[in-house]
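Shown below: protein-v5.cif, with mmCIF, C-alpha atoms.
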```
data_input
loop_
_atom_site.label_atom_id
_atom_site.label_comp_id
_atom_site.auth_asym_id
_atom_site.auth_seq_id
_atom_site.Cartn_x
_atom_site.Cartn_y
_atom_site.Cartn_z
CA MET A 1 -15.96 -17.96 -75.80
CA THR A 2 -18.26 -21.01 -75.87
CA TRP A 3 -21.39 -22.47 -74.25
CA HIS A 4 -21.58 -26.00 -72.85
CA ALA A 5 -24.69 -28.15 -72.81
CA ARG A 6 -25.55 -27.16 -69.24
CA GLY A 7 -25.37 -23.46 -70.14
CA VAL A 8 -22.10 -22.73 -68.36
CA ARG A 9 -20.27 -19.96 -70.16
CA GLU A 10 -16.50 -20.28 -70.53
CA GLN A 11 -13.88 -17.89 -71.91
CA ASP A 12 -10.33 -18.23 -73.03
CA GLY A 13 -7.68 -17.54 -70.45
CA GLU A 14 -4.37 -15.80 -71.08
CA ASP A 15 -2.79 -19.11 -72.09
CA GLY A 16 -5.71 -20.13 -74.28
CA ALA A 17 -7.15 -22.54 -71.67
CA ARG A 18 -10.83 -22.54 -70.85
CA VAL A 19 -11.48 -20.49 -67.61
CA ARG A 20 -14.72 -20.71 -65.63
CA PRO A 21 -16.08 -17.47 -64.07
CA GLY A 22 -15.49 -18.85 -60.55
CA ASP A 23 -11.86 -19.46 -61.34
CA GLU A 24 -11.53 -15.93 -62.65
CA ALA A 25 -12.94 -14.49 -59.40
CA ALA A 26 -10.55 -16.59 -57.34
CA ARG A 27 -7.64 -15.39 -59.44
CA GLU A 28 -8.69 -11.77 -59.03
CA ALA A 29 -9.01 -12.25 -55.28
CA GLU A 30 -5.55 -13.81 -55.18
CA GLN A 31 -4.12 -10.89 -57.13
CA ARG A 32 -5.76 -8.41 -54.75
CA GLN A 33 -4.34 -10.33 -51.77
CA ARG A 34 -0.87 -10.28 -53.29
CA ALA A 35 -1.17 -6.54 -53.76
CA LEU A 36 -2.29 -6.09 -50.15
CA ASP A 37 0.55 -8.29 -48.92
CA LYS A 38 3.03 -6.16 -50.88
CA ILE A 39 1.56 -2.97 -49.41
CA ARG A 40 1.75 -4.53 -45.93
CA ALA A 41 5.36 -5.63 -46.44
CA ASP A 42 6.39 -2.22 -47.79
CA THR A 43 4.65 -0.47 -44.87
CA ALA A 44 6.29 -2.83 -42.38
CA ARG A 45 9.72 -1.97 -43.82
CA ARG A 46 8.97 1.73 -43.52
CA LEU A 47 7.83 1.25 -39.92
CA ASP A 48 10.94 -0.74 -39.15
CA ARG A 49 13.18 2.05 -40.47
CA ALA A 50 11.24 4.66 -38.48
CA MET A 51 11.23 2.81 -35.11
CA GLY A 52 14.02 4.89 -33.60
CA SER A 53 12.41 8.21 -34.46
CA LEU A 54 8.99 6.98 -33.30
CA GLY A 55 10.42 6.00 -29.93
CA THR A 56 12.11 9.39 -29.54
CA ALA A 57 8.90 11.20 -30.49
CA ALA A 58 6.90 9.10 -28.01
CA MET A 59 9.30 9.96 -25.18
CA ALA A 60 9.13 13.67 -26.02
CA ARG A 61 5.33 13.57 -26.01
CA MET A 62 5.24 11.70 -22.67
CA GLU A 63 7.51 14.37 -21.18
CA GLU A 64 5.17 17.05 -22.48
CA GLN A 65 1.78 15.53 -21.63
CA LEU A 66 2.21 13.20 -18.62
CA PRO A 67 2.97 14.88 -15.25
CA TRP A 68 3.54 11.51 -13.54
CA PHE A 69 6.17 10.67 -16.15
CA ARG A 70 8.05 13.91 -15.47
CA ALA A 71 8.04 13.10 -11.75
CA LEU A 72 9.86 9.81 -12.28
CA SER A 73 13.59 9.42 -11.78
CA ALA A 74 15.88 9.53 -14.83
CA GLU A 75 16.41 5.77 -14.50
CA ASP A 76 12.68 5.02 -14.47
CA ARG A 77 12.08 7.33 -17.45
CA SER A 78 14.81 5.46 -19.28
CA TRP A 79 13.11 2.13 -18.52
CA ILE A 80 9.79 3.47 -19.80
CA GLY A 81 11.55 4.60 -22.96
CA LEU A 82 12.72 1.02 -23.47
CA VAL A 83 9.17 -0.22 -22.84
CA ALA A 84 7.77 2.21 -25.43
CA GLN A 85 10.43 1.21 -27.95
CA ALA A 86 9.68 -2.48 -27.32
CA GLY A 87 5.96 -1.79 -27.77
CA ILE A 88 6.56 -0.14 -31.13
CA ALA A 89 8.81 -3.01 -32.21
CA ALA A 90 6.12 -5.51 -31.16
CA PHE A 91 3.54 -3.66 -33.27
CA VAL A 92 5.83 -3.56 -36.32
CA GLU A 93 6.57 -7.28 -36.00
CA TRP A 94 2.87 -8.09 -35.58
CA PHE A 95 1.82 -5.82 -38.46
CA GLY A 96 4.19 -7.59 -40.84
CA HIS A 97 2.53 -10.94 -40.07
CA ALA A 98 -1.04 -9.89 -39.30
CA GLY A 99 -2.30 -11.34 -42.57
CA GLU A 100 -1.12 -14.81 -41.63
CA GLY A 101 -3.81 -15.41 -39.03
CA ARG A 102 -1.37 -14.62 -36.24
CA PRO A 103 -3.15 -13.59 -33.00
CA THR A 104 -2.59 -10.20 -31.41
CA PRO A 105 0.26 -10.40 -28.89
CA SER A 106 -0.13 -9.65 -25.20
CA ILE A 107 1.86 -6.98 -23.42
CA GLU A 108 4.92 -9.19 -23.17
CA PHE A 109 7.05 -6.18 -24.11
CA PHE A 110 6.51 -4.92 -20.51
CA ALA A 111 8.92 -7.66 -19.45
CA THR A 112 11.72 -5.28 -20.44
CA ALA A 113 10.97 -3.23 -17.31
CA PRO A 114 12.17 -4.24 -13.84
CA ARG A 115 9.62 -5.56 -11.33
CA GLU A 116 9.89 -2.40 -9.20
CA LEU A 117 8.80 -0.24 -12.13
CA LYS A 118 5.91 -2.54 -13.01
CA ARG A 119 4.69 -2.21 -9.44
CA SER A 120 4.81 1.58 -9.54
CA VAL A 121 3.16 2.10 -12.95
CA SER A 122 -0.61 1.82 -12.65
CA LEU A 123 -3.06 0.47 -15.20
CA GLN A 124 -4.21 4.00 -16.01
CA GLN A 125 -0.62 5.05 -16.62
CA THR A 126 -0.12 2.01 -18.85
CA VAL A 127 -3.13 3.11 -20.89
CA ASP A 128 -1.57 6.59 -21.10
CA LEU A 129 1.63 5.05 -22.50
CA ILE A 130 -0.30 3.10 -25.14
CA ARG A 131 -2.30 6.21 -26.07
CA ILE A 132 0.84 8.31 -26.53
CA VAL A 133 2.47 5.71 -28.78
CA VAL A 134 -0.72 5.48 -30.87
CA GLU A 135 -0.86 9.26 -31.24
CA VAL A 136 2.75 9.38 -32.38
CA VAL A 137 2.23 6.71 -35.02
CA GLU A 138 -1.12 8.18 -36.15
CA ALA A 139 0.48 11.57 -36.72
CA ARG A 140 2.80 9.99 -39.30
CA VAL A 141 0.48 7.45 -40.94
CA ASP A 142 0.62 9.08 -44.39
CA GLU A 143 4.41 9.16 -44.24
CA LEU A 144 4.83 5.64 -42.83
CA ALA A 145 2.29 3.79 -44.97
CA ALA A 146 3.18 2.57 -48.44
CA PRO A 147 1.00 4.00 -51.24
CA GLY A 148 -2.51 2.72 -50.72
CA GLY A 149 -1.73 1.42 -47.24
CA ALA A 150 -2.83 4.30 -44.94
CA GLU A 151 -6.23 2.81 -44.18
CA MET A 152 -4.69 -0.63 -43.59
CA LEU A 153 -2.21 0.85 -41.10
CA ARG A 154 -4.91 2.79 -39.24
CA ASN A 155 -7.14 -0.26 -38.93
CA ALA A 156 -4.24 -2.39 -37.77
CA MET A 157 -3.33 0.17 -35.11
CA LEU A 158 -6.92 0.27 -33.83
CA ARG A 159 -7.11 -3.50 -33.53
CA TYR A 160 -3.67 -3.85 -32.00
CA THR A 161 -4.07 -1.14 -29.37
CA ARG A 162 -7.60 -2.31 -28.49
CA ASP A 163 -6.44 -5.87 -27.89
CA VAL A 164 -3.30 -4.78 -26.04
CA ALA A 165 -5.40 -2.52 -23.78
CA PHE A 166 -7.77 -5.39 -22.98
CA THR A 167 -4.84 -7.72 -22.35
CA ALA A 168 -3.20 -5.12 -20.11
CA ALA A 169 -6.37 -4.88 -18.04
CA GLN A 170 -6.48 -8.67 -17.65
CA VAL A 171 -2.80 -8.86 -16.70
CA TYR A 172 -3.14 -6.05 -14.15
CA ALA A 173 -6.23 -7.69 -12.68
CA ARG A 174 -4.42 -11.02 -12.27
CA GLU A 175 -1.31 -9.38 -10.82
CA ALA A 176 -3.40 -7.23 -8.47
CA GLU A 177 -5.16 -10.34 -7.20
CA ALA A 178 -1.87 -12.18 -6.74
CA ARG A 179 -0.21 -9.14 -5.19
CA GLY A 180 -3.18 -8.65 -2.89
CA SER A 181 -2.84 -12.22 -1.61
CA TRP A 182 0.91 -11.85 -1.20
CA ASP A 183 0.60 -8.46 0.49
CA ALA A 184 -1.99 -9.89 2.88
CA ARG A 185 0.44 -12.66 3.86
CA LEU A 186 3.25 -10.14 4.37
CA GLU A 187 0.95 -7.94 6.42
CA ALA A 188 -0.01 -10.86 8.65
CA LEU A 189 3.67 -11.77 9.12
CA ILE A 190 4.58 -8.20 10.11
CA VAL A 191 1.73 -7.89 12.60
CA ASP A 192 2.57 -11.28 14.11
CA ALA A 193 6.28 -10.40 14.36
CA LEU A 194 5.54 -7.09 16.10
CA VAL A 195 3.11 -8.72 18.53
CA ARG A 196 5.72 -11.35 19.38
CA GLY A 197 8.49 -8.74 19.57
CA GLN A 198 10.53 -10.56 16.88
CA VAL A 199 12.06 -7.51 15.22
CA ASP A 200 14.83 -8.53 12.83
CA ASP A 201 15.99 -8.03 9.26
CA GLY A 202 13.06 -10.08 8.00
CA LEU A 203 10.64 -7.47 9.32
CA HIS A 204 12.42 -4.72 7.40
CA SER A 205 12.41 -6.78 4.21
CA TRP A 206 8.68 -7.47 4.52
CA ALA A 207 7.95 -3.81 5.22
CA ALA A 208 10.07 -2.74 2.24
CA ALA A 209 8.17 -5.19 0.01
CA LEU A 210 4.92 -3.51 1.08
CA GLY A 211 6.44 -0.07 0.46
CA TRP A 212 6.09 0.98 4.12
CA THR A 213 7.94 4.26 4.71
CA SER A 214 5.68 6.24 7.06
CA THR A 215 6.65 7.72 10.40
CA PRO A 216 5.68 7.99 13.20
CA VAL A 217 3.93 4.73 14.09
CA VAL A 218 1.29 3.88 16.67
CA VAL A 219 -0.44 0.58 17.48
CA PHE A 220 -4.10 0.07 18.42
CA ALA A 221 -5.43 -3.06 20.13
CA GLY A 222 -9.05 -4.00 20.64
CA HIS A 223 -11.66 -6.55 19.65
CA PRO A 224 -12.82 -7.13 16.07
CA PRO A 225 -16.43 -6.52 15.03
CA ASP A 226 -18.72 -9.43 14.29
CA GLU A 227 -17.85 -9.45 10.58
CA ASP A 228 -15.75 -11.46 8.15
CA PRO A 229 -12.12 -10.86 9.27
CA GLN A 230 -10.90 -10.19 5.74
CA SER A 231 -13.61 -7.60 5.11
CA VAL A 232 -12.61 -5.84 8.33
CA ILE A 233 -8.97 -5.67 7.26
CA ASP A 234 -9.88 -4.64 3.69
CA GLY A 235 -12.10 -1.89 5.07
CA LEU A 236 -9.26 -0.57 7.22
CA ARG A 237 -6.86 -0.59 4.27
CA GLU A 238 -9.34 1.25 2.07
CA LYS A 239 -9.98 3.85 4.75
CA GLY A 240 -6.24 4.35 5.18
CA ARG A 241 -5.73 4.85 1.44
CA ARG A 242 -8.47 7.49 1.32
CA VAL A 243 -6.74 9.62 3.98
CA ASN A 244 -3.17 8.84 2.85
CA LEU A 245 -2.22 6.74 5.89
CA GLU A 246 -0.36 3.45 5.88
CA LEU A 247 -2.20 0.74 7.81
CA LEU A 248 -1.30 -2.81 8.74
CA ALA A 249 -3.97 -4.89 10.44
CA GLY A 250 -4.32 -8.41 11.75
CA ILE A 251 -6.92 -10.40 13.67
CA GLN A 252 -5.42 -12.80 16.19
CA GLY A 253 -8.07 -14.78 18.00
CA ASP A 254 -10.28 -12.22 19.74
CA ARG A 255 -7.87 -9.32 19.16
CA LEU A 256 -7.73 -6.82 16.33
CA ILE A 257 -4.31 -5.19 16.01
CA VAL A 258 -3.96 -2.10 13.81
CA ILE A 259 -0.63 -0.41 13.09
CA VAL A 260 -0.91 3.14 11.76
CA GLY A 261 1.92 5.04 10.09
CA GLY A 262 2.14 8.64 8.98
CA ALA A 263 -0.65 10.20 11.06
CA LYS A 264 -0.19 13.83 12.09
CA SER A 265 -1.27 12.91 15.60
CA VAL A 266 -2.52 9.93 17.60
CA LYS A 267 -5.90 11.66 17.73
CA ASP A 268 -6.06 11.74 13.91
CA ALA A 269 -5.12 8.06 13.73
CA ALA A 270 -7.77 7.15 16.32
CA ARG A 271 -10.47 8.99 14.39
CA ILE A 272 -9.76 6.79 11.36
CA VAL A 273 -9.41 3.33 12.93
CA VAL A 274 -11.56 3.32 16.09
CA PRO A 275 -14.90 3.02 14.21
CA ARG A 276 -13.67 -0.26 12.65
CA PHE A 277 -13.27 -1.99 16.06
CA GLY A 278 -15.97 -4.04 17.71
CA PRO A 279 -17.42 -3.47 21.20
CA GLY A 280 -15.11 -3.34 24.21
CA PRO A 281 -11.97 -1.45 25.18
CA ILE A 282 -9.50 -0.06 22.64
CA VAL A 283 -5.97 0.62 23.85
CA ILE A 284 -3.45 2.88 22.11
CA GLY A 285 0.23 2.06 22.46
CA PRO A 286 2.81 4.84 22.75
CA GLU A 287 3.83 6.61 19.56
CA VAL A 288 7.20 5.38 18.23
CA PRO A 289 9.46 6.77 15.49
CA ASP A 290 9.28 3.88 13.02
CA LEU A 291 8.09 0.35 12.33
CA HIS A 292 11.25 -1.12 13.86
CA ALA A 293 10.22 0.31 17.25
CA ALA A 294 6.54 -0.61 16.84
CA ALA A 295 7.00 -3.81 18.88
CA LYS A 296 7.18 -1.62 22.00
CA SER A 297 3.92 0.09 21.10
CA ALA A 298 2.25 -3.24 20.29
CA ARG A 299 3.42 -4.79 23.55
CA ALA A 300 1.99 -1.90 25.59
CA ALA A 301 -1.30 -1.86 23.69
CA ILE A 302 -1.86 -5.60 24.10
CA ALA A 303 -0.92 -5.52 27.80
CA GLY A 304 -3.35 -2.63 28.25
CA LEU A 305 -6.11 -4.57 26.49
CA ARG A 306 -5.59 -7.50 28.88
CA ALA A 307 -5.71 -5.23 31.93
CA ALA A 308 -8.50 -2.90 30.75
CA ALA A 309 -11.15 -4.98 32.50
CA ALA A 310 -9.79 -3.68 35.82
CA TRP A 311 -10.88 -0.14 34.87
CA PRO A 312 -14.47 -0.47 33.62
CA ASP A 313 -14.91 3.30 33.28
CA ALA A 314 -11.81 3.80 31.13
CA PRO A 315 -12.28 6.10 28.12
CA ARG A 316 -12.57 4.49 24.69
CA PRO A 317 -9.96 4.56 23.33
CA VAL A 318 -7.55 4.74 26.24
CA HIS A 319 -3.78 5.20 26.14
CA ALA A 320 -1.72 2.29 27.41
CA ASP A 321 0.16 4.62 29.79
CA GLU A 322 -3.14 5.48 31.49
CA LEU A 323 -3.40 1.79 32.41
CA LEU A 324 0.07 1.49 33.95
CA ALA A 325 -1.26 0.56 37.40
CA GLU A 326 -3.64 -2.11 36.05
CA ARG A 327 -0.94 -3.46 33.73
CA ALA A 328 1.54 -3.65 36.59
CA LEU A 329 -0.94 -5.53 38.78
CA ASP A 330 -1.59 -7.88 35.85
CA GLY A 331 2.12 -8.75 35.73
CA ASP A 332 3.33 -6.51 32.90
CA GLU A 333 7.05 -6.06 33.57
CA ASP A 334 7.29 -3.01 31.29
CA ALA A 335 4.58 -1.24 33.27
CA ARG A 336 6.21 -2.18 36.61
CA ARG A 337 9.56 -0.83 35.47
CA GLN A 338 8.01 2.35 34.08
CA LEU A 339 6.13 3.05 37.32
CA VAL A 340 9.25 2.57 39.42
CA GLU A 341 11.18 4.91 37.13
CA THR A 342 8.50 7.61 36.94
CA VAL A 343 7.00 7.49 40.43
CA TYR A 344 9.45 6.04 42.96
CA ALA A 345 12.87 6.93 41.55
CA PRO A 346 12.34 10.75 41.32
CA LEU A 347 11.11 10.88 44.94
CA ALA A 348 13.51 8.43 46.58
CA GLY A 349 15.86 9.99 49.15
CA THR A 350 13.75 13.15 49.55
CA PRO A 351 11.06 14.25 52.03
CA LEU A 352 8.61 14.05 49.11
CA LEU A 353 8.55 10.24 49.30
CA GLU A 354 7.54 10.21 52.97
CA THR A 355 5.03 13.01 52.33
CA LEU A 356 3.40 11.04 49.51
CA ALA A 357 3.26 7.82 51.51
CA THR A 358 1.76 9.55 54.53
CA TYR A 359 -0.77 11.53 52.44
CA LEU A 360 -2.00 8.37 50.72
CA GLU A 361 -2.15 6.41 53.98
CA GLN A 362 -4.17 9.21 55.62
CA GLY A 363 -6.87 9.14 53.00
CA ALA A 364 -5.65 12.27 51.18
CA SER A 365 -6.07 14.44 54.29
CA LEU A 366 -3.78 17.52 54.34
CA GLU A 367 -4.27 18.17 58.05
CA ALA A 368 -3.62 14.58 59.12
CA THR A 369 -0.52 14.44 56.94
CA ALA A 370 0.78 17.74 58.35
CA ARG A 371 0.25 16.57 61.95
CA LEU A 372 2.06 13.28 61.42
CA LEU A 373 4.99 14.99 59.66
CA PHE A 374 5.08 17.95 62.10
CA VAL A 375 4.87 20.47 59.26
CA HIS A 376 2.41 23.19 58.22
CA PRO A 377 -0.40 22.15 55.81
CA ASN A 378 0.97 24.66 53.28
CA THR A 379 4.23 22.70 53.34
CA VAL A 380 2.29 19.57 52.46
CA ARG A 381 0.55 21.46 49.64
CA TYR A 382 3.91 22.63 48.29
CA ARG A 383 5.34 19.11 48.42
CA LEU A 384 2.30 17.65 46.67
CA ARG A 385 2.77 20.17 43.83
CA LYS A 386 6.43 19.15 43.54
CA ILE A 387 5.39 15.48 43.39
CA THR A 388 3.07 16.32 40.49
CA GLU A 389 5.86 18.18 38.68
CA LEU A 390 8.30 15.28 39.09
CA THR A 391 6.00 12.36 38.35
CA GLY A 392 3.23 13.76 36.18
CA TYR A 393 0.63 12.41 38.61
CA GLN A 394 -1.45 14.61 40.92
CA PRO A 395 -1.90 13.08 44.41
CA THR A 396 -5.16 14.97 44.97
CA ASP A 397 -6.78 13.24 41.96
CA GLY A 398 -8.25 9.84 42.77
CA ARG A 399 -7.06 8.10 39.59
CA SER A 400 -3.55 9.53 39.85
CA ALA A 401 -3.41 8.71 43.58
CA PHE A 402 -4.11 5.06 42.74
CA THR A 403 -1.26 4.99 40.21
CA LEU A 404 1.08 6.71 42.68
CA GLN A 405 0.15 4.14 45.34
CA VAL A 406 1.00 1.23 43.02
CA GLY A 407 4.23 2.93 41.94
CA LEU A 408 5.21 3.51 45.57
CA ILE A 409 4.61 -0.16 46.46
CA LEU A 410 6.56 -1.40 43.42
CA GLY A 411 9.43 0.92 44.25
CA ARG A 412 9.65 -0.40 47.80
CA LEU A 413 9.60 -3.98 46.52
CA ALA A 414 12.30 -3.19 43.97
CA THR A 415 14.48 -1.69 46.70
CA ALA A 416 13.91 -4.63 48.99
CA HIS A 417 14.71 -7.14 46.22
CA GLY A 418 17.83 -5.46 44.98
CA GLY A 419 16.28 -3.47 42.15
CA ARG A 420 13.66 -6.04 41.01
CA ALA A 421 10.01 -5.10 41.52
#
```
Spell out the structure here as structure tokens.
Amino acid sequence: MTWHARGVREQDGEDGARVRPGDEAAREAEQRQRALDKIRADTARRLDRAMGSLGTAAMARMEEQLPWFRALSAEDRSWIGLVAQAGIAAFVEWFGHAGEGRPTPSIEFFATAPRELKRSVSLQQTVDLIRIVVEVVEARVDELAAPGGAEMLRNAMLRYTRDVAFTAAQVYAREAEARGSWDARLEALIVDALVRGQVDDGLHSWAAALGWTSTPVVVFAGHPPDEDPQSVIDGLREKGRRVNLELLAGIQGDRLIVIVGGAKSVKDAARIVVPRFGPGPIVIGPEVPDLHAAAKSARAAIAGLRAAAAWPDAPRPVHADELLAERALDGDEDARRQLVETVYAPLAGTPLLETLATYLEQGASLEATARLLFVHPNTVRYRLRKITELTGYQPTDGRSAFTLQVGLILGRLATAHGGRA
């Protein structure tokens, strides 16, 4: 060991060469790194050999701890098993190269699952999957790590799972945004198709893409509130999700159309959606069994909305069938046909038709009707009750009498024109 003029101390190396203290520290650091790399490589080999058993253990723990996993089909559970196995393999591959400055991978291993499964597994469930895999590996750290490598393996797992969880959140956020835009376009297409009555295979494909399965279905038509259209539709969707209803909504000009599926009753559906409409009438189309038949409900609701101005005192909301007379006068062919079938056809060829016509022409006077028909007033009363039973409309009620009058006129026109009202 010697001293130089500047006071720098040197010592002999293993080969007799002069070694500065800084060089010695670098060599020691290099030796430590080589030791760590060997521990990492040995641990990676152990992990690689244990991948199959880790995947099996992860699946068993999911079955035990995750109710939503148990509820999946056997095929979906199998896919998740492949995802878990791919996640473990991705960690092992990353761990073996983590000392090379390689960045933490994203959740690319989820690409092993089909798109349908990715859509059905939520972010929270994804976090559950990651947590289970971490627990399984942590339980065997001492067995899996090479001597001296347990702490290294634990730290690597913490970093890997943290970064994967953050990446998962980012990916789900991007996909949710993209899916939201796509779903909004599909929703607008479905509403437009139903309003136009263009029910074809495309409608079913769009509905399937949105996951629409609910029955029965009812359509509401009214005016939108003075708000941003997208916020109105988003508010309706959110309200539907909270009460477990499926809702499709669209704003077309000055109309807000809302399609509700899965409600226990029309009254329940109305309680949810009516507060989201703006001022003015709201018309409820007839309840139909499924989305395929919803064009009929939409057509009636929109026709009722157009004709609602003719009945200023109509309830809010009002059923489209309560506006049959106004719809018929406004040119709605469905309403004309329905009135002929429900009012005129059941009475045609019987004394009830003449009794109804006379009663309405005489200003709803029993005595005047009885005199003109040469029958007792009680006979008129009996016939009026039969008319109510057959048509559903009560001649003694002013609103029903108006509908009966329009139905009677349309029936006569249809007879005169060979069946066309």
Taking the point (-0.1, -0.2, -50.4) as given in the file, collect each protein or nucleic acid residue that comes within 10 Å of it, counting only C-alpha atoms, and present the set as a ChimeraX atom specification. /A:35-43,145-153
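Selection check: the PyMOL selection byres ((chain A and resi 49-51) around 8) on the shown file gives Arg45, Arg46, Leu47, Asp48, Gly52, Ser53, Leu54, Gly55, Gln85, Ile88, Ala89 and Leu144 of chain A.
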Residues as selected, C-alpha atoms, written as a CSV table (one decimal), in the coordinates of the input, can you do that?
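The new file result-v6.csv reads:
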```
chain,number,residue,atom,x,y,z
A,45,ARG,CA,9.7,-2.0,-43.8
A,46,ARG,CA,9.0,1.7,-43.5
A,47,LEU,CA,7.8,1.2,-39.9
A,48,ASP,CA,10.9,-0.7,-39.2
A,52,GLY,CA,14.0,4.9,-33.6
A,53,SER,CA,12.4,8.2,-34.5
A,54,LEU,CA,9.0,7.0,-33.3
A,55,GLY,CA,10.4,6.0,-29.9
A,85,GLN,CA,10.4,1.2,-28.0
A,88,ILE,CA,6.6,-0.1,-31.1
A,89,ALA,CA,8.8,-3.0,-32.2
A,144,LEU,CA,4.8,5.6,-42.8
```
Might you pull out every residue within 12 Å of Arg241 of chain A, with all atoms listed in the file counted and same-chain residues fewer than 6 positions away left off, and present them as number ranges by chain? A: 234-235, 247-248, 260-262, 272
Residue subset to file, keeping C-alpha atoms, as a PDB file, in the frame of the given file:
```pdb
ATOM      1  CA  ASP A 234      -9.880  -4.640   3.690  1.00  0.00           C
ATOM      2  CA  GLY A 235     -12.100  -1.890   5.070  1.00  0.00           C
ATOM      3  CA  LEU A 247      -2.200   0.740   7.810  1.00  0.00           C
ATOM      4  CA  LEU A 248      -1.300  -2.810   8.740  1.00  0.00           C
ATOM      5  CA  VAL A 260      -0.910   3.140  11.760  1.00  0.00           C
ATOM      6  CA  GLY A 261       1.920   5.040  10.090  1.00  0.00           C
ATOM      7  CA  GLY A 262       2.140   8.640   8.980  1.00  0.00           C
ATOM      8  CA  ILE A 272      -9.760   6.790  11.360  1.00  0.00           C
TER       9      ILE A 272
END
```
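Closest to Gly253 of chain A among A:Phe277, A:His223, A:Leu373, A:Lys296 is A:His223, based on only C-alpha atoms.
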Shell of 10 Å around segment 65-73 of chain A, only C-alpha atoms, local chain residues under 5 positions omitted, as a compact mmCIF listing (two decimals) with C-alpha atoms, in the frame of the given file:
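Output (around-v7.txt):
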```
# COMPACT_ATOMS: atom_id res chain seq x y z
CA MET A 59 9.30 9.96 -25.18
CA ALA A 60 9.13 13.67 -26.02
CA SER A 78 14.81 5.46 -19.28
CA TRP A 79 13.11 2.13 -18.52
CA ILE A 80 9.79 3.47 -19.80
CA VAL A 121 3.16 2.10 -12.95
CA GLN A 125 -0.62 5.05 -16.62
CA ASP A 128 -1.57 6.59 -21.10
CA LEU A 129 1.63 5.05 -22.50
CA ILE A 132 0.84 8.31 -26.53
```
